[in-house]
>>> print(open('start-v2.csv').read())   # CSV, C-alpha atoms and all ligand atoms
chain,number,residue,atom,x,y,z
A,22,MET,CA,-8.7,18.6,-14.7
A,23,GLU,CA,-5.5,17.1,-13.4
A,24,THR,CA,-6.6,14.0,-11.4
A,25,PRO,CA,-4.8,11.1,-9.8
A,26,SER,CA,-6.1,8.6,-12.3
A,27,SER,CA,-5.2,10.7,-15.4
A,28,HIS,CA,-1.6,10.2,-14.4
A,29,ILE,CA,-1.6,6.4,-14.1
A,30,VAL,CA,-0.3,4.3,-17.0
A,31,VAL,CA,-0.5,0.5,-16.8
A,32,LYS,CA,1.4,-1.1,-19.6
A,33,THR,CA,4.1,-3.7,-20.5
A,34,PRO,CA,6.7,-2.6,-21.2
A,35,VAL,CA,6.0,0.8,-19.8
A,36,LEU,CA,9.6,2.0,-20.0
A,37,ASP,CA,9.7,2.0,-23.8
A,38,ALA,CA,7.2,4.9,-23.7
A,39,VAL,CA,8.8,6.8,-20.8
A,40,GLY,CA,10.3,9.7,-23.0
A,41,GLU,CA,6.9,10.3,-24.7
A,42,LEU,CA,5.1,10.2,-21.4
A,43,TYR,CA,7.4,12.7,-19.8
A,44,SER,CA,7.0,15.1,-22.8
A,45,ALA,CA,3.2,14.7,-22.6
A,46,HIS,CA,3.2,15.6,-19.0
A,47,GLY,CA,5.6,18.5,-19.4
A,48,LEU,CA,8.5,16.9,-17.5
A,49,ASP,CA,12.1,17.6,-18.4
A,50,ARG,CA,14.2,14.5,-19.3
A,51,LYS,CA,16.3,15.1,-16.2
A,52,CYS,CA,15.8,12.4,-13.6
A,53,VAL,CA,17.2,11.6,-10.2
A,54,VAL,CA,16.5,7.9,-10.0
A,55,LEU,CA,16.0,6.4,-6.5
A,56,PHE,CA,16.3,2.7,-6.0
A,57,ASP,CA,16.8,0.4,-3.0
A,58,GLU,CA,19.6,-2.1,-3.2
A,59,ASN,CA,17.3,-4.8,-4.5
A,60,THR,CA,15.6,-2.8,-7.2
A,61,ARG,CA,19.0,-1.4,-8.2
A,62,ARG,CA,20.3,-4.9,-8.7
A,63,LEU,CA,17.2,-6.3,-10.4
A,64,PHE,CA,16.1,-3.4,-12.6
A,65,GLY,CA,18.9,-0.7,-12.4
A,66,GLU,CA,20.6,-1.4,-15.7
A,67,LYS,CA,17.3,-1.9,-17.6
A,68,VAL,CA,15.8,1.3,-16.2
A,69,LEU,CA,18.8,3.5,-16.7
A,70,ALA,CA,19.6,2.1,-20.2
A,71,SER,CA,16.0,2.8,-21.3
A,72,LEU,CA,16.2,6.4,-19.9
A,73,HIS,CA,19.5,7.0,-21.6
A,74,ARG,CA,18.3,5.6,-24.9
A,75,GLN,CA,15.5,8.2,-24.8
A,76,GLY,CA,17.8,11.1,-24.1
A,77,PHE,CA,17.5,11.4,-20.4
A,78,GLN,CA,20.1,12.9,-18.1
A,79,THR,CA,20.2,10.8,-14.9
A,80,ARG,CA,21.6,10.8,-11.4
A,81,GLU,CA,21.4,7.7,-9.3
A,82,LEU,CA,20.5,7.3,-5.6
A,83,VAL,CA,20.5,3.9,-3.7
A,84,VAL,CA,19.2,3.3,-0.2
A,85,PRO,CA,19.2,0.0,1.9
A,86,ALA,CA,16.2,-2.1,1.3
A,87,ARG,CA,14.5,-1.7,4.6
A,88,GLU,CA,11.8,0.3,6.4
A,89,THR,CA,14.4,2.3,8.3
A,90,SER,CA,15.4,4.0,5.1
A,91,LYS,CA,12.2,6.0,5.5
A,92,SER,CA,14.0,8.3,7.9
A,93,LEU,CA,15.0,11.9,8.2
A,94,SER,CA,18.7,10.9,8.4
A,95,SER,CA,18.6,9.1,5.0
A,96,ALA,CA,16.6,11.9,3.4
A,97,TRP,CA,19.2,14.4,4.8
A,98,LYS,CA,22.0,12.4,3.2
A,99,LEU,CA,20.2,12.2,-0.1
A,100,TYR,CA,19.5,16.0,-0.2
A,101,GLY,CA,23.3,16.4,0.1
A,102,THR,CA,24.1,14.1,-2.7
A,103,MET,CA,21.5,15.9,-4.9
A,104,ILE,CA,22.8,19.4,-4.1
A,105,GLU,CA,26.4,18.2,-4.8
A,106,ALA,CA,25.2,16.8,-8.1
A,107,ASP,CA,23.7,20.2,-9.1
A,108,VAL,CA,20.1,18.9,-9.1
A,109,ASP,CA,17.9,21.9,-9.3
A,110,ARG,CA,14.1,22.6,-9.8
A,111,SER,CA,14.3,21.6,-13.4
A,112,TRP,CA,14.9,18.0,-12.4
A,113,ASN,CA,12.4,15.4,-11.2
A,114,LEU,CA,12.6,12.3,-9.0
A,115,LEU,CA,11.8,8.8,-10.3
A,116,CYS,CA,11.2,6.2,-7.6
A,117,VAL,CA,11.9,2.6,-8.6
A,118,GLY,CA,10.8,0.3,-5.9
A,119,GLY,CA,8.2,-0.7,-3.3
A,120,GLY,CA,6.4,1.6,-0.8
A,121,VAL,CA,9.6,2.4,1.0
A,122,VAL,CA,11.3,3.9,-2.0
A,123,GLY,CA,8.1,5.5,-3.1
A,124,ASP,CA,7.4,7.1,0.3
A,125,LEU,CA,11.0,8.3,0.9
A,126,GLY,CA,11.4,9.5,-2.7
A,127,GLY,CA,8.0,11.3,-2.6
A,128,TYR,CA,9.0,12.9,0.7
A,129,ILE,CA,12.3,14.1,-0.7
A,130,ALA,CA,10.6,15.4,-3.9
A,131,ALA,CA,8.0,17.3,-1.9
A,132,SER,CA,10.6,19.1,0.1
A,133,TYR,CA,13.7,19.5,-2.1
A,134,TYR,CA,14.0,23.0,-3.4
A,135,ARG,CA,10.4,23.5,-2.1
A,136,GLY,CA,9.2,20.7,-4.2
A,137,ILE,CA,10.1,19.0,-7.5
A,138,PRO,CA,7.9,16.6,-9.5
A,139,VAL,CA,7.9,13.0,-8.5
A,140,VAL,CA,7.3,10.0,-10.8
A,141,GLN,CA,6.5,6.6,-9.4
A,142,LEU,CA,7.7,3.3,-11.0
A,143,PRO,CA,6.3,0.9,-8.4
A,144,THR,CA,7.8,-2.6,-8.4
A,145,THR,CA,5.9,-4.4,-5.6
A,146,LEU,CA,2.2,-5.4,-5.7
A,147,LEU,CA,1.5,-3.2,-2.7
A,148,ALA,CA,3.2,-0.2,-4.4
A,149,MET,CA,1.5,-0.8,-7.7
A,150,THR,CA,-2.0,-1.0,-6.2
A,151,ASP,CA,-1.7,1.2,-3.2
A,152,SER,CA,1.3,3.2,-2.0
A,153,SER,CA,2.3,4.8,-5.3
A,154,ILE,CA,-1.2,6.3,-5.8
A,155,GLY,CA,-2.8,9.1,-4.0
A,156,GLY,CA,0.1,11.4,-3.1
A,157,LYS,CA,0.6,10.5,0.6
A,158,VAL,CA,4.3,10.6,1.1
A,159,ALA,CA,6.1,10.2,4.4
A,160,ILE,CA,9.0,9.2,6.5
A,161,ASN,CA,8.9,7.6,9.9
A,162,HIS,CA,9.6,9.2,13.3
A,163,PRO,CA,11.0,7.1,16.2
A,164,LEU,CA,7.6,7.7,17.9
A,165,GLY,CA,5.5,6.5,15.0
A,166,LYS,CA,5.3,5.4,11.4
A,167,ASN,CA,4.5,7.8,8.5
A,168,LEU,CA,4.1,10.7,10.9
A,169,ILE,CA,6.2,13.3,9.0
A,170,GLY,CA,5.1,13.9,5.4
A,171,PHE,CA,3.2,15.7,2.7
A,172,PHE,CA,0.4,15.3,0.2
A,173,HIS,CA,2.5,15.4,-3.0
A,174,LEU,CA,0.7,13.8,-6.0
A,175,PRO,CA,3.0,12.0,-8.5
A,176,GLU,CA,3.1,13.6,-12.0
A,177,LEU,CA,3.0,10.1,-13.4
A,178,VAL,CA,2.6,6.5,-12.0
A,179,LEU,CA,4.2,4.1,-14.4
A,180,ILE,CA,2.9,0.6,-13.7
A,181,ASP,CA,4.4,-2.5,-15.5
A,182,PRO,CA,3.1,-5.7,-13.9
A,183,SER,CA,5.9,-7.7,-15.5
A,184,PHE,CA,8.2,-6.2,-12.8
A,185,LEU,CA,6.5,-8.4,-10.3
A,186,LYS,CA,7.9,-11.7,-11.6
A,187,SER,CA,10.8,-11.6,-9.1
A,188,LEU,CA,8.7,-10.8,-6.1
A,189,PRO,CA,8.9,-13.3,-3.2
A,190,SER,CA,5.7,-15.1,-2.2
A,191,ARG,CA,5.2,-13.2,1.1
A,192,GLU,CA,5.3,-9.9,-0.8
A,193,ILE,CA,2.7,-11.2,-3.3
A,194,TYR,CA,0.2,-12.3,-0.6
A,195,GLY,CA,0.9,-9.1,1.3
A,196,GLY,CA,0.0,-7.0,-1.7
A,197,MET,CA,-2.9,-9.2,-2.5
A,198,ALA,CA,-4.5,-8.2,0.8
A,199,GLU,CA,-4.8,-4.6,-0.4
A,200,VAL,CA,-6.1,-5.8,-3.8
A,201,VAL,CA,-8.8,-7.9,-2.1
A,202,LYS,CA,-9.6,-4.9,0.1
A,203,TYR,CA,-10.7,-2.9,-3.0
A,204,GLY,CA,-13.2,-5.7,-3.8
A,205,PHE,CA,-14.6,-5.5,-0.2
A,206,ILE,CA,-14.9,-1.8,0.0
A,207,ALA,CA,-15.7,-0.6,-3.4
A,208,ASP,CA,-16.5,-3.1,-6.2
A,209,ARG,CA,-18.6,-6.3,-5.9
A,210,SER,CA,-17.7,-7.3,-9.5
A,211,PHE,CA,-14.0,-6.9,-8.8
A,212,PHE,CA,-14.5,-9.1,-5.7
A,213,ASP,CA,-16.1,-11.8,-7.9
A,214,PHE,CA,-13.3,-11.4,-10.5
A,215,LEU,CA,-10.7,-12.0,-7.7
A,216,ASP,CA,-12.8,-15.0,-6.4
A,217,ARG,CA,-12.6,-16.6,-9.9
A,218,ASN,CA,-9.0,-15.6,-10.6
A,219,PHE,CA,-7.2,-15.6,-7.2
A,220,ASP,CA,-4.6,-18.3,-8.2
A,221,GLU,CA,-4.0,-16.7,-11.6
A,222,VAL,CA,-3.3,-13.3,-10.0
A,223,VAL,CA,-1.0,-14.6,-7.2
A,224,GLY,CA,0.7,-16.8,-9.9
A,225,PHE,CA,1.3,-13.6,-11.9
A,226,ARG,CA,-0.5,-15.0,-15.0
A,227,GLU,CA,-1.8,-12.7,-17.6
A,228,PRO,CA,-4.3,-11.2,-18.4
A,229,ALA,CA,-5.6,-11.7,-14.8
A,230,LEU,CA,-2.6,-10.0,-13.2
A,231,THR,CA,-2.7,-6.8,-15.3
A,232,GLU,CA,-6.5,-6.6,-14.8
A,233,ALA,CA,-6.2,-7.0,-11.0
A,234,VAL,CA,-3.4,-4.4,-10.8
A,235,SER,CA,-5.1,-1.9,-13.0
A,236,ARG,CA,-8.5,-2.2,-11.4
A,237,SER,CA,-7.0,-1.8,-8.0
A,238,ALA,CA,-4.9,1.3,-9.0
A,239,PHE,CA,-7.9,3.0,-10.5
A,240,ILE,CA,-10.3,2.2,-7.6
A,241,LYS,CA,-7.7,3.8,-5.3
A,242,ALA,CA,-7.3,6.8,-7.6
A,243,GLU,CA,-11.0,7.3,-7.8
A,244,VAL,CA,-11.5,7.2,-4.0
A,245,VAL,CA,-8.6,9.7,-3.6
A,246,GLU,CA,-10.0,12.0,-6.2
A,247,LYS,CA,-13.3,12.3,-4.4
A,248,ASP,CA,-11.7,12.9,-0.9
A,249,PHE,CA,-8.1,13.9,-1.3
A,250,ARG,CA,-7.5,15.3,2.2
A,251,GLU,CA,-9.6,12.6,3.9
A,252,THR,CA,-12.4,14.9,5.1
A,253,THR,CA,-15.6,13.1,4.1
A,254,GLY,CA,-14.8,9.6,5.4
A,255,LEU,CA,-14.6,8.1,1.9
A,256,ARG,CA,-10.8,8.0,1.7
A,257,ALA,CA,-10.9,6.5,5.2
A,258,THR,CA,-12.6,3.5,3.8
A,259,LEU,CA,-9.2,2.5,2.3
A,260,ASN,CA,-8.4,1.7,5.9
A,261,PHE,CA,-10.7,-1.3,6.0
A,262,GLY,CA,-9.1,-3.9,8.3
A,263,HIS,CA,-6.3,-1.4,9.2
A,264,THR,CA,-7.4,-0.4,12.7
A,265,PHE,CA,-6.9,-4.1,13.7
A,266,ALA,CA,-3.8,-4.3,11.5
A,267,HIS,CA,-2.1,-1.3,13.0
A,268,GLY,CA,-2.7,-2.8,16.5
A,269,LEU,CA,-1.1,-6.0,15.5
A,270,GLU,CA,1.9,-4.4,13.7
A,271,LYS,CA,2.5,-2.4,16.8
A,272,LEU,CA,2.3,-5.4,19.1
A,273,ALA,CA,4.7,-7.2,16.8
A,274,GLY,CA,7.1,-4.2,17.0
A,275,TYR,CA,6.8,-4.0,13.1
A,276,ARG,CA,9.1,-7.0,12.9
A,277,ASN,CA,8.5,-10.3,11.2
A,278,LEU,CA,5.0,-9.2,10.1
A,279,ARG,CA,4.4,-7.7,6.7
A,280,HIS,CA,1.9,-4.9,6.5
A,281,GLY,CA,-0.3,-6.9,4.1
A,282,GLU,CA,-0.3,-9.9,6.4
A,283,ALA,CA,-1.6,-7.7,9.2
A,284,VAL,CA,-4.2,-6.3,6.9
A,285,ALA,CA,-5.4,-9.7,5.8
A,286,ILE,CA,-5.8,-10.7,9.5
A,287,GLY,CA,-7.4,-7.3,10.2
A,288,MET,CA,-9.9,-7.7,7.4
A,289,ALA,CA,-11.0,-11.0,8.8
A,290,CYS,CA,-11.6,-9.2,12.1
A,291,ALA,CA,-13.4,-6.4,10.4
A,292,LEU,CA,-15.7,-8.8,8.6
A,293,PHE,CA,-16.7,-10.4,11.9
A,294,LEU,CA,-17.2,-7.0,13.5
A,295,SER,CA,-19.4,-5.9,10.6
A,296,ARG,CA,-21.6,-8.9,11.2
A,297,ARG,CA,-21.6,-8.6,15.0
A,298,LEU,CA,-22.8,-5.0,14.8
A,299,GLY,CA,-25.6,-6.1,12.5
A,300,PHE,CA,-24.4,-4.6,9.2
A,301,LEU,CA,-23.2,-7.6,7.3
A,302,PRO,CA,-25.5,-10.5,6.5
A,303,GLU,CA,-24.3,-14.0,7.4
A,304,ALA,CA,-24.1,-15.1,3.8
A,305,GLU,CA,-21.9,-12.3,2.8
A,306,LEU,CA,-19.6,-12.9,5.8
A,307,ALA,CA,-19.2,-16.5,4.6
A,308,GLU,CA,-18.4,-15.4,1.1
A,309,GLY,CA,-15.9,-12.9,2.3
A,310,LEU,CA,-14.2,-15.5,4.5
A,311,ALA,CA,-14.1,-18.0,1.7
A,312,LEU,CA,-11.9,-15.6,-0.3
A,313,MET,CA,-9.7,-14.9,2.7
A,314,GLN,CA,-9.2,-18.6,3.0
A,315,ARG,CA,-7.1,-18.5,-0.2
A,316,PHE,CA,-4.3,-16.4,1.5
A,317,ARG,CA,-1.1,-18.4,2.3
A,318,PHE,CA,1.2,-17.0,4.9
A,319,PRO,CA,4.4,-18.5,6.3
A,320,ARG,CA,3.8,-21.4,8.7
A,321,GLY,CA,3.5,-20.2,12.2
A,322,LEU,CA,3.1,-16.5,11.4
A,323,VAL,CA,-0.5,-16.3,12.3
A,324,ALA,CA,0.1,-18.4,15.4
A,325,LYS,CA,2.9,-16.2,16.6
A,326,ARG,CA,1.7,-12.9,15.5
A,327,PHE,CA,-2.1,-13.1,16.0
A,328,LEU,CA,-3.3,-16.1,17.9
A,329,ALA,CA,-0.7,-15.6,20.6
A,330,TYR,CA,-2.0,-12.2,21.6
A,331,ASP,CA,-4.9,-11.9,24.0
A,332,SER,CA,-7.8,-9.9,22.4
A,333,ASP,CA,-7.7,-7.4,25.3
A,334,VAL,CA,-4.0,-6.8,24.7
A,335,MET,CA,-4.7,-6.3,21.0
A,336,PHE,CA,-7.5,-3.9,21.8
A,337,ASP,CA,-5.2,-1.8,23.9
A,338,SER,CA,-2.6,-1.8,21.1
A,339,MET,CA,-5.3,-0.6,18.6
A,340,PHE,CA,-6.1,2.2,20.9
A,341,SER,CA,-2.7,3.7,20.4
A,342,ASP,CA,-3.3,3.9,16.6
A,343,LYS,CA,-2.5,7.4,15.4
A,344,LYS,CA,-5.5,7.4,13.1
A,345,LYS,CA,-8.0,7.6,16.0
A,346,ILE,CA,-9.7,10.9,16.4
A,347,ASP,CA,-10.4,12.3,19.9
A,348,LYS,CA,-9.1,9.1,21.4
A,349,LYS,CA,-11.9,7.1,19.9
A,350,LEU,CA,-11.4,4.1,17.8
A,351,ARG,CA,-12.8,4.4,14.3
A,352,PHE,CA,-13.8,1.4,12.4
A,353,VAL,CA,-14.4,0.9,8.7
A,354,LEU,CA,-17.1,-1.6,8.2
A,355,ILE,CA,-18.9,-3.2,5.3
A,356,ASP,CA,-22.7,-3.7,5.0
A,357,ARG,CA,-22.3,-5.8,1.8
A,358,ILE,CA,-19.4,-6.9,-0.3
A,359,GLY,CA,-18.4,-3.9,-2.4
A,360,HIS,CA,-19.5,-1.2,0.0
A,361,ALA,CA,-17.7,0.2,3.0
A,362,PHE,CA,-18.4,3.0,5.4
A,363,LEU,CA,-16.8,4.7,8.3
A,364,HIS,CA,-18.8,3.8,11.4
A,365,GLY,CA,-19.4,7.1,13.2
A,366,LYS,CA,-20.4,5.7,16.6
A,367,ASP,CA,-18.4,4.3,19.5
A,368,VAL,CA,-18.0,0.6,19.3
A,369,GLU,CA,-18.2,-1.3,22.6
A,370,LYS,CA,-15.0,-3.0,23.6
A,371,GLU,CA,-16.8,-6.3,23.9
A,372,ALA,CA,-17.8,-6.2,20.2
A,373,VAL,CA,-14.3,-5.6,19.1
A,374,THR,CA,-12.7,-8.3,21.3
A,375,GLY,CA,-15.5,-10.6,20.4
A,376,ALA,CA,-14.8,-10.1,16.7
A,377,ILE,CA,-11.1,-10.7,17.3
A,378,GLU,CA,-11.9,-14.0,19.1
A,379,GLU,CA,-14.1,-15.1,16.2
A,380,ALA,CA,-11.4,-14.3,13.8
A,381,LYS,CA,-8.9,-16.4,15.9
A,382,VAL,CA,-11.2,-19.4,15.9
A,383,TRP,CA,-11.6,-19.0,12.1
A,384,PHE,CA,-7.8,-18.8,11.6
A,385,GLU,CA,-7.2,-21.8,13.9
A,386,ARG,CA,-9.6,-23.8,11.7
A,387,LYS,CA,-8.1,-22.5,8.5
A,388,ARG,CA,-4.6,-23.7,9.3
B,401,LIG,N1,2.0,6.3,0.8
B,401,LIG,C1,1.0,5.4,0.9
B,401,LIG,O1,-0.2,5.7,0.6
B,401,LIG,C2,1.3,4.1,1.5
B,401,LIG,C3,0.3,3.1,1.4
B,401,LIG,C4,0.6,1.8,1.9
B,401,LIG,C5,1.9,1.5,2.3
B,401,LIG,N2,2.9,2.5,2.4
B,401,LIG,C6,4.2,2.2,2.8
B,401,LIG,O2,4.8,1.3,1.9
B,401,LIG,C7,5.8,0.6,2.6
B,401,LIG,C8,5.8,-0.9,2.3
B,401,LIG,O3,5.9,-1.0,0.9
B,401,LIG,P1,6.2,-2.4,0.2
B,401,LIG,O4,5.3,-3.5,0.8
B,401,LIG,O5,6.3,-2.3,-1.2
B,401,LIG,O6,7.7,-2.8,0.8
B,401,LIG,P2,9.2,-2.5,0.4
B,401,LIG,O7,9.3,-1.2,-0.4
B,401,LIG,O8,10.0,-2.6,1.6
B,401,LIG,O9,9.5,-3.7,-0.6
B,401,LIG,C9,9.5,-5.0,-0.1
B,401,LIG,C10,10.8,-5.8,-0.5
B,401,LIG,O10,10.7,-6.2,-1.9
B,401,LIG,C11,11.8,-5.8,-2.6
B,401,LIG,N3,11.4,-5.6,-4.0
B,401,LIG,C12,10.8,-4.5,-4.5
B,401,LIG,N4,10.4,-4.8,-5.8
B,401,LIG,C13,10.8,-6.0,-6.0
B,401,LIG,C14,10.7,-6.9,-7.2
B,401,LIG,N5,10.0,-6.5,-8.2
B,401,LIG,N6,11.2,-8.1,-7.1
B,401,LIG,C15,11.8,-8.6,-5.9
B,401,LIG,N7,11.9,-7.8,-4.8
B,401,LIG,C16,11.4,-6.6,-4.9
B,401,LIG,C17,12.3,-4.6,-1.9
B,401,LIG,O11,13.7,-4.3,-2.1
B,401,LIG,C18,12.0,-4.9,-0.4
B,401,LIG,O12,13.1,-5.7,0.1
B,401,LIG,C19,5.7,0.9,4.1
B,401,LIG,O13,6.7,1.8,4.5
B,401,LIG,C20,4.3,1.6,4.2
B,401,LIG,O14,4.3,2.6,5.2
B,401,LIG,C21,2.6,3.8,1.9
B,402,ZN,ZN,-2.5,-0.8,3.8
>>> encode(input="start-v2.csv", output="structure tokens", more="lines below")
Ligand SMILES: NC(=O)c1ccc[n+]([C@@H]2O[C@H](COP(=O)([O-])OP(=O)(O)OC[C@H]3O[C@@H](n4cnc5c(N)ncnc54)[C@H](O)[C@@H]3O)[C@@H](O)[C@H]2O)c1
Ligand SMILES: [Zn+2]
Amino acid sequence: METPSSHIVVKTPVLDAVGELYSAHGLDRKCVVLFDENTRRLFGEKVLASLHRQGFQTRELVVPARETSKSLSSAWKLYGTMIEADVDRSWNLLCVGGGVVGDLGGYIAASYYRGIPVVQLPTTLLAMTDSSIGGKVAINHPLGKNLIGFFHLPELVLIDPSFLKSLPSREIYGGMAEVVKYGFIADRSFFDFLDRNFDEVVGFREPALTEAVSRSAFIKAEVVEKDFRETTGLRATLNFGHTFAHGLEKLAGYRNLRHGEAVAIGMACALFLSRRLGFLPEAELAEGLALMQRFRFPRGLVAKRFLAYDSDVMFDSMFSDKKKIDKKLRFVLIDRIGHAFLHGKDVEKEAVTGAIEEAKVWFERKR
């Protein structure tokens, strides 16, 4: 069976095998390669040279390195460039970059000529462990993020952790939030591994880095495989910490706050909420917080983007999260490290704001 995980290859250097991998997956060696300005500068020559050596025909697309590139207007422009370059259904699209390039490229591939294959070559920690896997592709609408899109599984996800070496520290810790998330929601032994190897992973030292990236990618793929269209509640557990995070991101106007930073804060809130509602034992809360203690964010970020907001204001902002169903807030909670579930019942506002307040006190002490 074709499954998300059978398409993931984690390897250094992954590009040397790209021709063979394409053949094995029945893809033509005709690639539109999408970069952002940074990934073009950092990896463009290397990627294109490797493709050409292996007999690929290529066309190149470059977008500005920012979230606003995930828009209908930039997709529209790129469709035009592709049509003019005679790209037809026999071509595929290779996305070289973070989640912005992956989501935009996936969206274009899902729609161009009613759909061409997409291959992901993620270059951020977040993209390697999260956004490149699972086939959710989207652009933003002025009224909300990721609202217009498709489920379009990548034919291949080519992960080479050595691409991470140039990543700035904020992006490392941001991606690390999603990595730690997998430990919390799905795998106690992975959590323990991260506890022992946190500094190795954020320092990009091998073999810890490749192990962390690869275990994260496969945990995500496994969850997606079991609940592709998010109907049973399992895929929703990937949103651990995210109800809080989305509220914060919204309050911050999506500026000066990386998604992963919001997720790290959101997970601390979700840990406190899990304990408050009687699911998470005190000792496991302490263990969870001890790992969260290792995150390093820019000075003042937490103060300005979390501590400064009143918990009532944050609650209201969470309420406008698009992921709520029937105007109810849904929370992903854990009842032990390594097991998450979607809480079916309404949660009292006081429990939520109380958890936010506890997380604030914890962050205040951590600083
Ligand atoms: N589709 C999904 O399931 C899913 C899941 C999570 C997030 N997302 C989306 O992902 C996006 C965020 O992705 P992101 O965090 O990767 O951000 P990003 O794509 O904006 O990349 C972050 C920055 O790092 C730069 N960069 C990329 N690779 C680099 C490297 N190796 N070295 C140095 N710099 C590098 C980029 O140019 C950019 O400036 C959001 O739009 C979010 O909505 C999608
Ligand atoms: Zn996330």
>>> closest_residue(input="start-v2.csv", among="A:Arg296, A:Lys157, A:Arg50, A:Arg61", to="His73 in chain A", atoms="all atoms listed in the file")
A:Arg50
>>> residues_around(input="start-v2.csv", residues="Tyr330 in chain A", least_positions_apart="6", cutoff="12 Å", atoms="all atoms listed in the file", output="ChimeraX atom specification")
/A:268-273,323-324,336-338,374,377-378,381
>>> residues_around(input="start-v2.csv", residues="Ile160 in chain A", least_positions_apart="2", cutoff="9 Å", atoms="only C-alpha atoms", output="list of chain:residue names")
A:Thr89, A:Ser90, A:Lys91, A:Ser92, A:Leu93, A:Ala96, A:Val121, A:Asp124, A:Leu125, A:Tyr128, A:Val158, A:His162, A:Lys166, A:Asn167, A:Leu168, A:Ile169, A:Gly170
>>> write_last_selection(input="start-v2.csv", atoms="C-alpha atoms", output="PDB file, in the coordinates of the input")
ATOM      1  CA  THR A  89      14.400   2.300   8.300  1.00  0.00           C
ATOM      2  CA  SER A  90      15.400   4.000   5.100  1.00  0.00           C
ATOM      3  CA  LYS A  91      12.200   6.000   5.500  1.00  0.00           C
ATOM      4  CA  SER A  92      14.000   8.300   7.900  1.00  0.00           C
ATOM      5  CA  LEU A  93      15.000  11.900   8.200  1.00  0.00           C
ATOM      6  CA  ALA A  96      16.600  11.900   3.400  1.00  0.00           C
ATOM      7  CA  VAL A 121       9.600   2.400   1.000  1.00  0.00           C
ATOM      8  CA  ASP A 124       7.400   7.100   0.300  1.00  0.00           C
ATOM      9  CA  LEU A 125      11.000   8.300   0.900  1.00  0.00           C
ATOM     10  CA  TYR A 128       9.000  12.900   0.700  1.00  0.00           C
ATOM     11  CA  VAL A 158       4.300  10.600   1.100  1.00  0.00           C
ATOM     12  CA  HIS A 162       9.600   9.200  13.300  1.00  0.00           C
ATOM     13  CA  LYS A 166       5.300   5.400  11.400  1.00  0.00           C
ATOM     14  CA  ASN A 167       4.500   7.800   8.500  1.00  0.00           C
ATOM     15  CA  LEU A 168       4.100  10.700  10.900  1.00  0.00           C
ATOM     16  CA  ILE A 169       6.200  13.300   9.000  1.00  0.00           C
ATOM     17  CA  GLY A 170       5.100  13.900   5.400  1.00  0.00           C
TER      18      GLY A 170
END
>>> residues_around(input="start-v2.csv", residues="Pro138 in chain A", least_positions_apart="3", cutoff="7 Å", atoms="only C-alpha atoms", output="PyMOL selection string")
chain A and resi 113-114+130+175-176
>>> atom_distance(input="start-v2.csv", atom1="CA of Val140 in chain A", atom2="CA of Leu177 in chain A")
5.0 Å
>>> atom_distance(input="start-v2.csv", atom1="atom O3 of ligand LIG 401 (chain B)", atom2="CA of Ala45 in chain A")
28.4 Å
>>> residues_near_point(input="start-v2.csv", point="(3.9, 9.5, -7.5)", cutoff="12 Å", atoms="all atoms listed in the file", output="ChimeraX atom specification")
/A:25-26,28-30,113-120,122-131,137-143,148-149,151-158,171-180,242
>>> residues_around(input="start-v2.csv", residues="Glu369 in chain A", least_positions_apart="3", cutoff="12 Å", atoms="only C-alpha atoms", output="PyMOL selection string")
chain A and resi 294+297-298+336+349-352+366+372-376
>>> closest_residue(input="start-v2.csv", among="A:Met197, A:Leu188, A:Val223, A:Ile355", to="Leu301 in chain A", atoms="all atoms listed in the file")
A:Ile355
>>> closest_atom_pairs(input="start-v2.csv", of="chain A", to="ligand ZN 402 (chain B)", cutoff="7 Å", atoms="all atoms listed in the file", output="CSV")
residue,atom,partner,partner_atom,distance
A:Glu199,CA,B:ZN402,ZN,6.1
A:Asn260,CA,B:ZN402,ZN,6.7
A:His263,CA,B:ZN402,ZN,6.6
A:His280,CA,B:ZN402,ZN,6.6
A:Gly281,CA,B:ZN402,ZN,6.5
A:Val284,CA,B:ZN402,ZN,6.5
